[in-house]
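The next block holds one structure in the form of structure tokens; read it before the comments.
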Amino acid sequence: MDSLNRHEDYGQASLDVTHLLQDPIEQFKIWLQEADEEKIYEPNAFVLSTVTDLNAPSSRTVLLKGVDEHGFFFATNFESRKGQAIAQNPAVSAVFGWYSMYRQVLVEGVVENVPESDSDEYFNSRPHESKVAAWSSNQSQPIQNREALDLQFQVALDRFEGKDVRRPDYWGGYRIVPTRIEFWKGRSNRMHDRIAFTRNLDGAGEPSEWKVQRLQP
Ligand SMILES: Cc1cc2nc3c(=O)[nH]c(=O)nc-3n(C[C@H](O)[C@H](O)[C@H](O)COP(=O)(O)O)c2cc1C
């Protein structure tokens with residue numbers, strides 16, 4: 001398979017601490033904006049990894065729906081497989097891979113629930129059918145076949161026809177409060193640039209200052 005044996009040159013453009021803002025969340029916003037301008041498909045998609053209390057890891061793609069000084073916001077079903085893992089262990093990691101730009105951002109941190117009003121606001125912004133889908137799918141649970149799933153959706157569509165759909169209690173937003181954000185830029189000869197920002201959260205969740213380091217590729 002040719003795709004397993006390519007040796008692409010990731011270019012010369014450098015990434016240095018001096019090219020990045022001192023606040024990595026603000027810097028992340030710039031890279032996300034640039035990925036959007038590059039017309040990368042779903043630039044806000046990231047791979048979220050969780051770990052259960054039995055140390056079992058799992059990963060899946062989700063969409064970033066907001067980012068601010070508090071962290072990275074995404075929405076899902078709290079009773080899903082990821083939701084159960086987060087309830088057991090809030091430590092997660094996230095990978096944003098903007099490969100055609102030779103860029104990657106790695107985020108590590110702890111997940112917290114966003115205020116219910118934020119979940120409501122986001123839920124209410126979704127199309128009617130997406131809201132109904134939140135009611136009709138027990139995310140991550142097995143179902144007999146596609147027909148059964150379609151029927152479940154149709155029943156929910158009928159139930160909410162012509163009505164407002166309120167957010168189910170088991171669906172809403174999480175925020176990753178970051179303790180580590182690494183910016184990676186591919187360079188020639190596998191001598192890539194890596195700049196990592198790290199900080200600690202105290203017992204009350206208050207963050208320390210960001211510390212920045214260049215890492216070997
Ligand atoms: C591009 C893309 C975006 C996705 N976005 C979301 C999302 O924002 N929220 C979500 O719950 N699942 C999303 N999914 C589906 C998840 O990858 C996953 O199948 C689902 O959340 C169930 O995961 P779990 O069983 O590990 O909890 C997305 C999948 C893809 C491929």
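Each chain in the structure tokens gets a letter, A, B and so on, in the order shown; residues start at 1 in every chain, and ligands are counted from 1 in the order they appear.
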Extract, using only C-alpha atoms, all DNA, RNA and protein residues at most 9 Å from Thr61 in chain A, discarding same-chain residues fewer than 4 positions from it, and format them as a PDB file with N, CA and C atoms, in the first residue's frame.
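So the final result, stored in result-v3.pdb, reads:
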ATOM      1  N   ALA A  45     -13.047  19.229  14.519  1.00  0.00           N
ATOM      2  CA  ALA A  45     -13.128  17.833  14.978  1.00  0.00           C
ATOM      3  C   ALA A  45     -11.853  17.475  15.735  1.00  0.00           C
ATOM      4  N   PHE A  46     -12.011  16.728  16.813  1.00  0.00           N
ATOM      5  CA  PHE A  46     -10.833  16.253  17.536  1.00  0.00           C
ATOM      6  C   PHE A  46     -11.083  14.860  18.088  1.00  0.00           C
ATOM      7  N   VAL A  47      -9.996  14.153  18.326  1.00  0.00           N
ATOM      8  CA  VAL A  47     -10.102  12.818  18.904  1.00  0.00           C
ATOM      9  C   VAL A  47      -9.981  12.957  20.417  1.00  0.00           C
ATOM     10  N   LEU A  48     -11.023  12.532  21.100  1.00  0.00           N
ATOM     11  CA  LEU A  48     -11.085  12.633  22.561  1.00  0.00           C
ATOM     12  C   LEU A  48     -10.786  11.263  23.155  1.00  0.00           C
ATOM     13  N   SER A  49      -9.801  11.212  24.023  1.00  0.00           N
ATOM     14  CA  SER A  49      -9.480   9.953  24.697  1.00  0.00           C
ATOM     15  C   SER A  49      -9.833  10.050  26.166  1.00  0.00           C
TER      16      SER A  49
END
What parts of range 23-193 of chain A does DSSP call alpha helix (DSSP H)? I'd like the answer as a tab-separated table (two decimals) with N, CA and C atoms, in the first residue's frame.
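Writing done, so here's part.tsv:
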chain	number	residue	atom	x	y	z
A	24	PRO	N	-1.80	29.97	25.48
A	24	PRO	CA	-1.98	28.93	24.46
A	24	PRO	C	-3.42	28.76	24.01
A	25	ILE	N	-4.38	29.15	24.84
A	25	ILE	CA	-5.78	29.04	24.39
A	25	ILE	C	-6.04	30.07	23.29
A	26	GLU	N	-5.50	31.27	23.48
A	26	GLU	CA	-5.63	32.29	22.43
A	26	GLU	C	-4.90	31.84	21.16
A	27	GLN	N	-3.74	31.21	21.34
A	27	GLN	CA	-2.98	30.70	20.20
A	27	GLN	C	-3.77	29.60	19.47
A	28	PHE	N	-4.40	28.72	20.26
A	28	PHE	CA	-5.21	27.66	19.67
A	28	PHE	C	-6.29	28.26	18.78
A	29	LYS	N	-6.92	29.33	19.26
A	29	LYS	CA	-8.00	29.95	18.47
A	29	LYS	C	-7.48	30.41	17.11
A	30	ILE	N	-6.24	30.92	17.10
A	30	ILE	CA	-5.66	31.38	15.83
A	30	ILE	C	-5.45	30.19	14.89
A	31	TRP	N	-4.90	29.10	15.41
A	31	TRP	CA	-4.67	27.93	14.55
A	31	TRP	C	-6.01	27.34	14.06
A	32	LEU	N	-7.02	27.35	14.91
A	32	LEU	CA	-8.33	26.84	14.49
A	32	LEU	C	-8.89	27.70	13.36
A	33	GLN	N	-8.74	29.02	13.53
A	33	GLN	CA	-9.20	29.95	12.50
A	33	GLN	C	-8.44	29.71	11.19
A	34	GLU	N	-7.14	29.49	11.30
A	34	GLU	CA	-6.33	29.25	10.09
A	34	GLU	C	-6.71	27.92	9.43
A	35	ALA	N	-7.04	26.91	10.24
A	35	ALA	CA	-7.48	25.63	9.68
A	35	ALA	C	-8.80	25.81	8.94
A	36	ASP	N	-9.66	26.67	9.49
A	36	ASP	CA	-10.93	26.97	8.84
A	36	ASP	C	-10.68	27.67	7.51
A	37	GLU	N	-9.77	28.65	7.51
A	37	GLU	CA	-9.47	29.39	6.28
A	37	GLU	C	-8.84	28.48	5.22
A	81	ARG	N	-20.65	5.91	26.39
A	81	ARG	CA	-19.43	5.24	26.88
A	81	ARG	C	-18.42	6.28	27.38
A	82	LYS	N	-18.25	7.35	26.60
A	82	LYS	CA	-17.31	8.40	27.03
A	82	LYS	C	-17.80	9.09	28.29
A	83	GLY	N	-19.14	9.31	28.36
A	83	GLY	CA	-19.71	9.97	29.54
A	83	GLY	C	-19.49	9.15	30.79
A	84	GLN	N	-19.63	7.83	30.65
A	84	GLN	CA	-19.39	6.96	31.81
A	84	GLN	C	-17.93	6.98	32.23
A	85	ALA	N	-17.04	6.98	31.24
A	85	ALA	CA	-15.61	7.03	31.58
A	85	ALA	C	-15.27	8.34	32.29
A	86	ILE	N	-15.83	9.45	31.77
A	86	ILE	CA	-15.55	10.76	32.37
A	86	ILE	C	-16.07	10.82	33.80
A	87	ALA	N	-17.23	10.19	34.04
A	87	ALA	CA	-17.79	10.17	35.40
A	87	ALA	C	-16.85	9.42	36.35
A	88	GLN	N	-16.18	8.42	35.82
A	88	GLN	CA	-15.25	7.63	36.66
A	88	GLN	C	-13.91	8.34	36.83
A	116	GLU	N	-25.72	24.37	33.33
A	116	GLU	CA	-26.88	23.87	32.57
A	116	GLU	C	-27.34	24.90	31.53
A	117	SER	N	-27.21	26.19	31.89
A	117	SER	CA	-27.66	27.23	30.95
A	117	SER	C	-26.84	27.20	29.66
A	118	ASP	N	-25.54	26.86	29.76
A	118	ASP	CA	-24.71	26.76	28.55
A	118	ASP	C	-25.14	25.56	27.70
A	119	SER	N	-25.45	24.44	28.39
A	119	SER	CA	-25.93	23.26	27.65
A	119	SER	C	-27.24	23.58	26.94
A	120	ASP	N	-28.13	24.28	27.66
A	120	ASP	CA	-29.43	24.64	27.07
A	120	ASP	C	-29.23	25.53	25.84
A	121	GLU	N	-28.34	26.51	26.02
A	121	GLU	CA	-28.13	27.47	24.93
A	121	GLU	C	-27.63	26.74	23.68
A	122	TYR	N	-26.67	25.83	23.89
A	122	TYR	CA	-26.14	25.11	22.73
A	122	TYR	C	-27.22	24.18	22.15
A	123	PHE	N	-27.92	23.45	23.03
A	123	PHE	CA	-28.94	22.51	22.54
A	123	PHE	C	-29.98	23.26	21.72
A	124	ASN	N	-30.39	24.44	22.23
A	124	ASN	CA	-31.45	25.18	21.55
A	124	ASN	C	-31.01	25.73	20.20
A	128	HIS	N	-33.94	21.14	14.58
A	128	HIS	CA	-35.00	20.34	15.22
A	128	HIS	C	-34.66	18.84	15.21
A	129	GLU	N	-34.23	18.33	14.05
A	129	GLU	CA	-33.98	16.89	13.94
A	129	GLU	C	-32.83	16.45	14.85
A	130	SER	N	-31.82	17.32	15.02
A	130	SER	CA	-30.70	16.96	15.89
A	130	SER	C	-31.17	16.90	17.34
A	131	LYS	N	-32.07	17.82	17.69
A	131	LYS	CA	-32.61	17.80	19.05
A	131	LYS	C	-33.39	16.51	19.28
A	132	VAL	N	-34.20	16.15	18.28
A	132	VAL	CA	-35.00	14.93	18.40
A	132	VAL	C	-34.07	13.71	18.50
A	133	ALA	N	-32.98	13.75	17.75
A	133	ALA	CA	-32.04	12.62	17.77
A	133	ALA	C	-31.48	12.41	19.17
A	134	ALA	N	-31.26	13.52	19.90
A	134	ALA	CA	-30.74	13.38	21.27
A	134	ALA	C	-31.73	12.61	22.14
A	135	TRP	N	-33.02	12.79	21.86
A	135	TRP	CA	-34.04	12.06	22.63
A	135	TRP	C	-34.15	10.60	22.18
A	136	SER	N	-33.89	10.36	20.88
A	136	SER	CA	-34.23	9.04	20.35
A	136	SER	C	-33.07	8.05	20.39
A	146	ARG	N	-30.84	-1.61	12.00
A	146	ARG	CA	-31.05	-0.24	11.54
A	146	ARG	C	-32.54	0.13	11.57
A	147	GLU	N	-33.38	-0.85	11.22
A	147	GLU	CA	-34.83	-0.59	11.19
A	147	GLU	C	-35.31	-0.17	12.59
A	148	ALA	N	-34.82	-0.83	13.59
A	148	ALA	CA	-35.23	-0.50	14.97
A	148	ALA	C	-34.79	0.91	15.32
A	149	LEU	N	-33.60	1.29	14.86
A	149	LEU	CA	-33.10	2.65	15.13
A	149	LEU	C	-33.96	3.69	14.41
A	150	ASP	N	-34.26	3.40	13.12
A	150	ASP	CA	-35.09	4.33	12.34
A	150	ASP	C	-36.47	4.48	12.97
A	151	LEU	N	-36.99	3.37	13.46
A	151	LEU	CA	-38.32	3.41	14.10
A	151	LEU	C	-38.27	4.27	15.36
A	152	GLN	N	-37.23	4.08	16.14
A	152	GLN	CA	-37.07	4.86	17.38
A	152	GLN	C	-37.04	6.36	17.07
A	153	PHE	N	-36.32	6.72	15.98
A	153	PHE	CA	-36.22	8.13	15.57
A	153	PHE	C	-37.59	8.64	15.12
A	154	GLN	N	-38.30	7.81	14.34
A	154	GLN	CA	-39.61	8.22	13.83
A	154	GLN	C	-40.59	8.45	14.97
A	155	VAL	N	-40.54	7.58	15.96
A	155	VAL	CA	-41.43	7.73	17.12
A	155	VAL	C	-41.14	9.07	17.81
A	156	ALA	N	-39.85	9.40	17.94
A	156	ALA	CA	-39.49	10.67	18.59
A	156	ALA	C	-39.89	11.85	17.71
A	157	LEU	N	-39.72	11.73	16.38
A	157	LEU	CA	-40.14	12.81	15.47
A	157	LEU	C	-41.64	13.06	15.63
A	158	ASP	N	-42.42	11.98	15.69
A	158	ASP	CA	-43.88	12.12	15.83
A	158	ASP	C	-44.22	12.78	17.17
A	159	ARG	N	-43.51	12.34	18.20
A	159	ARG	CA	-43.78	12.87	19.54
A	159	ARG	C	-43.56	14.39	19.61
Do you have, as a Markdown table, the list of residues of chain A lying at most 7 Å from ligand 1, each with its nearest atom pair and that distance in Å to one decimal, counting only C-alpha atoms and all ligand atoms and ordered by chain then number?
| residue | atom | partner | partner_atom_place_in_ligand_line | distance |
| --- | --- | --- | --- | --- |
| A:Glu42 | CA | ligand 1 | 1 (C) | 6.6 |
| A:Ala45 | CA | ligand 1 | 1 (C) | 5.6 |
| A:Ser58 | CA | ligand 1 | 26 (O) | 6.8 |
| A:Ser59 | CA | ligand 1 | 26 (O) | 6.4 |
| A:Arg60 | CA | ligand 1 | 17 (O) | 4.4 |
| A:Thr61 | CA | ligand 1 | 17 (O) | 3.9 |
| A:Val62 | CA | ligand 1 | 5 (N) | 3.4 |
| A:Leu63 | CA | ligand 1 | 8 (O) | 3.9 |
| A:Leu64 | CA | ligand 1 | 8 (O) | 6.7 |
| A:Phe74 | CA | ligand 1 | 8 (O) | 6.1 |
| A:Ala75 | CA | ligand 1 | 9 (N) | 5.4 |
| A:Thr76 | CA | ligand 1 | 11 (O) | 3.7 |
| A:Asn77 | CA | ligand 1 | 11 (O) | 5.8 |
| A:Ser80 | CA | ligand 1 | 27 (O) | 4.2 |
| A:Arg81 | CA | ligand 1 | 27 (O) | 3.7 |
| A:Lys82 | CA | ligand 1 | 27 (O) | 3.8 |
| A:Gly83 | CA | ligand 1 | 27 (O) | 6.2 |
| A:Gln139 | CA | ligand 1 | 22 (C) | 6.1 |
| A:Ser140 | CA | ligand 1 | 25 (O) | 4.2 |
Write the residues of the preceding selection, restricted to all heavy atoms, as a tab-separated table (two decimals), in the first residue's frame.
chain	number	residue	atom	x	y	z
A	42	GLU	N	-14.25	19.88	8.63
A	42	GLU	CA	-14.48	19.80	10.08
A	42	GLU	C	-13.21	20.17	10.87
A	42	GLU	O	-12.65	19.35	11.59
A	42	GLU	CB	-14.92	18.39	10.50
A	42	GLU	CG	-16.12	17.83	9.75
A	42	GLU	CD	-17.45	18.41	10.20
A	42	GLU	OE1	-17.52	19.64	10.34
A	42	GLU	OE2	-18.41	17.65	10.35
A	45	ALA	N	-13.05	19.23	14.52
A	45	ALA	CA	-13.13	17.83	14.98
A	45	ALA	C	-11.85	17.48	15.74
A	45	ALA	O	-10.75	17.89	15.36
A	45	ALA	CB	-13.32	16.91	13.79
A	58	SER	N	-10.14	4.68	25.84
A	58	SER	CA	-10.93	4.61	24.59
A	58	SER	C	-10.92	6.00	23.96
A	58	SER	O	-10.74	7.01	24.66
A	58	SER	CB	-12.36	4.14	24.85
A	58	SER	OG	-13.04	5.05	25.66
A	59	SER	N	-11.10	6.02	22.65
A	59	SER	CA	-11.02	7.27	21.88
A	59	SER	C	-12.15	7.33	20.88
A	59	SER	O	-12.63	6.30	20.41
A	59	SER	CB	-9.69	7.34	21.10
A	59	SER	OG	-8.60	7.20	21.97
A	60	ARG	N	-12.55	8.54	20.54
A	60	ARG	CA	-13.55	8.77	19.51
A	60	ARG	C	-13.46	10.23	19.09
A	60	ARG	O	-12.91	11.06	19.83
A	60	ARG	CB	-14.99	8.44	19.96
A	60	ARG	CG	-15.64	9.43	20.87
A	60	ARG	CD	-15.05	9.48	22.25
A	60	ARG	NE	-15.33	8.28	23.04
A	60	ARG	CZ	-14.57	7.85	24.03
A	60	ARG	NH1	-13.47	8.52	24.39
A	60	ARG	NH2	-14.86	6.77	24.70
A	61	THR	N	-14.01	10.52	17.89
A	61	THR	CA	-14.01	11.90	17.40
A	61	THR	C	-15.24	12.64	17.93
A	61	THR	O	-16.33	12.08	17.95
A	61	THR	CB	-14.08	11.91	15.85
A	61	THR	OG1	-13.05	11.08	15.34
A	61	THR	CG2	-13.93	13.31	15.30
A	62	VAL	N	-15.05	13.87	18.36
A	62	VAL	CA	-16.18	14.75	18.67
A	62	VAL	C	-15.88	16.14	18.09
A	62	VAL	O	-14.76	16.39	17.62
A	62	VAL	CB	-16.47	14.87	20.19
A	62	VAL	CG1	-16.98	13.56	20.77
A	62	VAL	CG2	-15.28	15.34	20.96
A	63	LEU	N	-16.88	17.00	18.11
A	63	LEU	CA	-16.70	18.35	17.56
A	63	LEU	C	-16.56	19.38	18.68
A	63	LEU	O	-17.35	19.37	19.63
A	63	LEU	CB	-17.91	18.73	16.69
A	63	LEU	CG	-18.12	17.91	15.43
A	63	LEU	CD1	-19.37	18.38	14.68
A	63	LEU	CD2	-16.90	17.98	14.50
A	64	LEU	N	-15.56	20.23	18.53
A	64	LEU	CA	-15.40	21.35	19.45
A	64	LEU	C	-16.50	22.36	19.15
A	64	LEU	O	-16.69	22.76	18.00
A	64	LEU	CB	-14.03	21.99	19.23
A	64	LEU	CG	-13.68	23.12	20.19
A	64	LEU	CD1	-13.34	22.55	21.56
A	64	LEU	CD2	-12.51	23.94	19.65
A	74	PHE	N	-17.43	20.76	24.38
A	74	PHE	CA	-18.05	19.86	23.42
A	74	PHE	C	-19.34	19.31	24.02
A	74	PHE	O	-19.56	19.44	25.23
A	74	PHE	CB	-17.10	18.72	22.99
A	74	PHE	CG	-16.71	17.79	24.12
A	74	PHE	CD1	-17.37	16.58	24.29
A	74	PHE	CD2	-15.67	18.11	24.98
A	74	PHE	CE1	-17.02	15.71	25.33
A	74	PHE	CE2	-15.32	17.25	26.02
A	74	PHE	CZ	-15.99	16.04	26.19
A	75	ALA	N	-20.17	18.74	23.19
A	75	ALA	CA	-21.48	18.28	23.68
A	75	ALA	C	-21.68	16.82	23.33
A	75	ALA	O	-21.28	16.36	22.25
A	75	ALA	CB	-22.59	19.12	23.06
A	76	THR	N	-22.34	16.12	24.22
A	76	THR	CA	-22.56	14.69	24.00
A	76	THR	C	-23.62	14.17	24.96
A	76	THR	O	-24.25	14.94	25.70
A	76	THR	CB	-21.23	13.91	24.14
A	76	THR	OG1	-21.43	12.58	23.65
A	76	THR	CG2	-20.74	13.86	25.57
A	77	ASN	N	-23.76	12.85	24.95
A	77	ASN	CA	-24.69	12.16	25.85
A	77	ASN	C	-23.90	11.76	27.10
A	77	ASN	O	-22.90	11.03	27.00
A	77	ASN	CB	-25.24	10.93	25.11
A	77	ASN	CG	-26.29	10.21	25.89
A	77	ASN	OD1	-26.14	9.98	27.09
A	77	ASN	ND2	-27.37	9.85	25.22
A	80	SER	N	-23.30	8.08	27.61
A	80	SER	CA	-22.57	7.33	26.58
A	80	SER	C	-21.34	6.67	27.20
A	80	SER	O	-21.01	6.89	28.38
A	80	SER	CB	-22.12	8.30	25.47
A	80	SER	OG	-21.21	9.25	26.02
A	81	ARG	N	-20.65	5.91	26.39
A	81	ARG	CA	-19.43	5.24	26.88
A	81	ARG	C	-18.42	6.28	27.38
A	81	ARG	O	-17.82	6.12	28.45
A	81	ARG	CB	-18.85	4.42	25.72
A	81	ARG	CG	-17.80	3.45	26.12
A	81	ARG	CD	-17.63	2.40	25.05
A	81	ARG	NE	-16.55	1.50	25.40
A	81	ARG	CZ	-15.43	1.37	24.71
A	81	ARG	NH1	-15.25	2.06	23.58
A	81	ARG	NH2	-14.50	0.54	25.09
A	82	LYS	N	-18.25	7.35	26.60
A	82	LYS	CA	-17.31	8.40	27.03
A	82	LYS	C	-17.80	9.09	28.29
A	82	LYS	O	-17.02	9.42	29.18
A	82	LYS	CB	-17.06	9.41	25.89
A	82	LYS	CG	-18.20	10.38	25.66
A	82	LYS	CD	-17.98	11.32	24.51
A	82	LYS	CE	-18.49	10.83	23.19
A	82	LYS	NZ	-19.86	10.27	23.16
A	83	GLY	N	-19.14	9.31	28.36
A	83	GLY	CA	-19.71	9.97	29.54
A	83	GLY	C	-19.49	9.15	30.79
A	83	GLY	O	-19.18	9.69	31.87
A	139	GLN	N	-27.20	6.71	23.25
A	139	GLN	CA	-25.86	6.63	22.65
A	139	GLN	C	-25.00	5.57	23.33
A	139	GLN	O	-24.95	5.50	24.56
A	139	GLN	CB	-25.16	7.99	22.72
A	139	GLN	CG	-23.92	8.06	21.85
A	139	GLN	CD	-23.29	9.45	21.88
A	139	GLN	OE1	-22.99	9.98	22.92
A	139	GLN	NE2	-23.07	10.01	20.69
A	140	SER	N	-24.36	4.78	22.51
A	140	SER	CA	-23.42	3.71	22.89
A	140	SER	C	-24.09	2.40	23.30
A	140	SER	O	-23.40	1.42	23.58
A	140	SER	CB	-22.44	4.14	23.99
A	140	SER	OG	-21.91	5.40	23.76
**Nearby residues (only C-alpha atoms) at most 10 Å from Val107 in chain A, same-chain spacing under 6 positions excluded, as a list in words** =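 Near neighbours after the sequence-gap exclusion: Phe46, Leu48, Phe72, Val92, Ser93, Ala94, Val95, Phe96, Ile176, Val177, Pro178, Thr179, Arg180, Ile181, Glu182, Phe183, Ala196, Phe197 and Thr198 of chain A.
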**Prompt:** Mind checking DSSP for range 9-209 of chain A and telling me the strand (DSSP E or B) residues as a ChimeraX atom specification?
**Reply:** /A:45-51,57-68,71-77,91-98,103-113,171-185,193-198,201,207
Written file, previous selection with C-alpha atoms, as a JSON list (two decimals), in the first residue's frame:
[["chain", "number", "residue", "atom", "x", "y", "z"],
["A", 45, "ALA", "CA", -13.13, 17.83, 14.98],
["A", 46, "PHE", "CA", -10.83, 16.25, 17.54],
["A", 47, "VAL", "CA", -10.10, 12.82, 18.90],
["A", 48, "LEU", "CA", -11.09, 12.63, 22.56],
["A", 49, "SER", "CA", -9.48, 9.95, 24.70],
["A", 50, "THR", "CA", -10.84, 8.89, 28.06],
["A", 51, "VAL", "CA", -9.73, 6.37, 30.67],
["A", 57, "PRO", "CA", -8.57, 3.79, 27.47],
["A", 58, "SER", "CA", -10.93, 4.61, 24.59],
["A", 59, "SER", "CA", -11.02, 7.27, 21.88],
["A", 60, "ARG", "CA", -13.55, 8.77, 19.51],
["A", 61, "THR", "CA", -14.01, 11.90, 17.40],
["A", 62, "VAL", "CA", -16.18, 14.75, 18.67],
["A", 63, "LEU", "CA", -16.70, 18.35, 17.56],
["A", 64, "LEU", "CA", -15.40, 21.35, 19.45],
["A", 65, "LYS", "CA", -18.33, 23.71, 19.97],
["A", 66, "GLY", "CA", -16.61, 26.51, 21.85],
["A", 67, "VAL", "CA", -13.27, 27.57, 23.27],
["A", 68, "ASP", "CA", -12.57, 30.35, 25.75],
["A", 71, "GLY", "CA", -11.43, 25.60, 28.22],
["A", 72, "PHE", "CA", -12.66, 23.48, 25.32],
["A", 73, "PHE", "CA", -16.42, 22.87, 25.07],
["A", 74, "PHE", "CA", -18.05, 19.86, 23.42],
["A", 75, "ALA", "CA", -21.48, 18.28, 23.68],
["A", 76, "THR", "CA", -22.56, 14.69, 24.00],
["A", 77, "ASN", "CA", -24.69, 12.16, 25.85],
["A", 91, "ALA", "CA", -8.72, 13.07, 32.98],
["A", 92, "VAL", "CA", -8.84, 13.23, 29.16],
["A", 93, "SER", "CA", -6.69, 14.07, 26.17],
["A", 94, "ALA", "CA", -7.63, 15.57, 22.83],
["A", 95, "VAL", "CA", -5.90, 15.56, 19.44],
["A", 96, "PHE", "CA", -6.60, 18.16, 16.78],
["A", 97, "GLY", "CA", -4.91, 16.91, 13.59],
["A", 98, "TRP", "CA", -4.70, 19.44, 10.78],
["A", 103, "ARG", "CA", 0.00, 20.95, 12.30],
["A", 104, "GLN", "CA", -1.23, 19.15, 15.37],
["A", 105, "VAL", "CA", -2.43, 20.42, 18.74],
["A", 106, "LEU", "CA", -2.54, 18.11, 21.76],
["A", 107, "VAL", "CA", -4.64, 19.04, 24.76],
["A", 108, "GLU", "CA", -4.63, 17.31, 28.14],
["A", 109, "GLY", "CA", -6.76, 18.23, 31.10],
["A", 110, "VAL", "CA", -9.74, 17.45, 33.23],
["A", 111, "VAL", "CA", -13.36, 17.52, 32.18],
["A", 112, "GLU", "CA", -16.05, 19.37, 34.06],
["A", 113, "ASN", "CA", -19.74, 19.84, 33.33],
["A", 171, "TRP", "CA", -27.38, 15.35, 27.14],
["A", 172, "GLY", "CA", -25.24, 18.48, 27.28],
["A", 173, "GLY", "CA", -21.87, 20.11, 27.38],
["A", 174, "TYR", "CA", -18.54, 19.25, 28.89],
["A", 175, "ARG", "CA", -15.51, 21.47, 29.15],
["A", 176, "ILE", "CA", -11.91, 20.30, 29.06],
["A", 177, "VAL", "CA", -9.96, 22.52, 31.46],
["A", 178, "PRO", "CA", -6.48, 22.24, 29.98],
["A", 179, "THR", "CA", -3.31, 21.57, 31.95],
["A", 180, "ARG", "CA", -1.17, 20.94, 28.86],
["A", 181, "ILE", "CA", -1.41, 22.27, 25.30],
["A", 182, "GLU", "CA", 1.23, 21.30, 22.75],
["A", 183, "PHE", "CA", 1.64, 22.91, 19.34],
["A", 184, "TRP", "CA", 3.34, 20.68, 16.78],
["A", 185, "LYS", "CA", 4.56, 21.79, 13.38],
["A", 193, "ASP", "CA", 8.93, 21.73, 16.09],
["A", 194, "ARG", "CA", 7.12, 21.09, 19.36],
["A", 195, "ILE", "CA", 6.20, 23.79, 21.84],
["A", 196, "ALA", "CA", 4.42, 22.65, 25.00],
["A", 197, "PHE", "CA", 2.57, 24.81, 27.53],
["A", 198, "THR", "CA", 1.90, 23.25, 30.94],
["A", 201, "LEU", "CA", -4.66, 23.18, 38.82],
["A", 207, "PRO", "CA", -4.69, 27.27, 37.45]]
**For CA of Tyr102 in chain A and CA of Arg199 in chain A, the interatomic separation in Å (one decimal)** =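 So the two atoms, CA of Tyr102 in chain A and CA of Arg199 in chain A, lie 25.6 Å apart.
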**Complete:** From the list A:Ala13, A:Leu21, A:Met101, A:Met1, the nearest residue to Met191 in chain A using only C-alpha atoms is A:Ala13
**Asked** Which residue gives the smallest distance to Val165 in chain A among A:Asp202, A:Pro142, A:Arg126, A:Ser188, with only C-alpha atoms counted?
**Response**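 Of all the options, A:Arg126 lies closest to Val165 in chain A.
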